[in-house]
Amino acid sequence: MNKHLKKYAKPLCCLAAGAVLLNIGLNGLIATGWILLTGGDLNGATIGGIFTIMGFSAYGKHPFNILPVMAGVLLGSLTNHVEFNAPALQLAALFGTTLAPIAGTFGWPFGVLAGLIHSSVVLQAGLPLEGMNLYNNGFSGGLIAIVLYPILTTLVKRRRPVLEEEDLFAMFEQVEPQDPEKLLRDGKD
């Protein structure tokens, strides 16, 4: 497997299947517990959010980078004067974990900050769409990432991610299916 692709899909391809499945299950329990503990409803949208967290747990989401974002959304419910069990904030807490890489790269305080900002933006970004906000959380998360990432890479230089030009095109180098046996051999290097 390409060494650059390994870096991005590390949990899925380079860890034992048991560890990845444990992470998926743990994140699913955390997300479900979050909804139940905050008094939310388990409906189609929240279950979809829980499954989204579980799916992306195979690609790097873990409790230490999703909980700060969720805590920031909870903190945002206090500053936005919205009940923390409101459906909009429940979904903001689940789908706001799209900002987990900020917490994972720059630390938990910045994850809390990202969640706090996300809770405010997600409540306002749906207004111009007049309720047609199917992708409101993703749109809000994208806006926050576009603003926060350059600011944090400038301010927190010791945690600046290192990207090389070939990293951007690594996924396009190989077009044929990969041999699972070769992946296992390469993962042991």
# chains A, B, ... in the order shown; residues from 1 in each chain; ligands from 1

call {"tool": "residues_around", "arguments": {"residues": "His62 (chain A)", "least_positions_apart": "5", "cutoff": "12 Å", "atoms": "only C-alpha atoms", "output": "PyMOL selection string"}}
result
chain A and resi 11+19-31+53-57+67-69+97-98+100-101+103-104

call {"tool": "residues_around", "arguments": {"residues": "Gly44 (chain A)", "least_positions_apart": "4", "cutoff": "12 Å", "atoms": "only C-alpha atoms", "output": "JSON, numbers by chain"}}
result
{"A": [48, 49, 50, 51, 87, 91]}

call {"tool": "closest_residue", "arguments": {"among": "A:Ile102, A:Leu74, A:Leu184, A:Val121", "to": "Val156 (chain A)", "atoms": "only C-alpha atoms"}}
result
A:Ile102

call {"tool": "closest_residue", "arguments": {"among": "A:Ile47, A:Ala58, A:Ile144, A:Leu36", "to": "Phe110 (chain A)", "atoms": "only C-alpha atoms"}}
result
A:Ile144
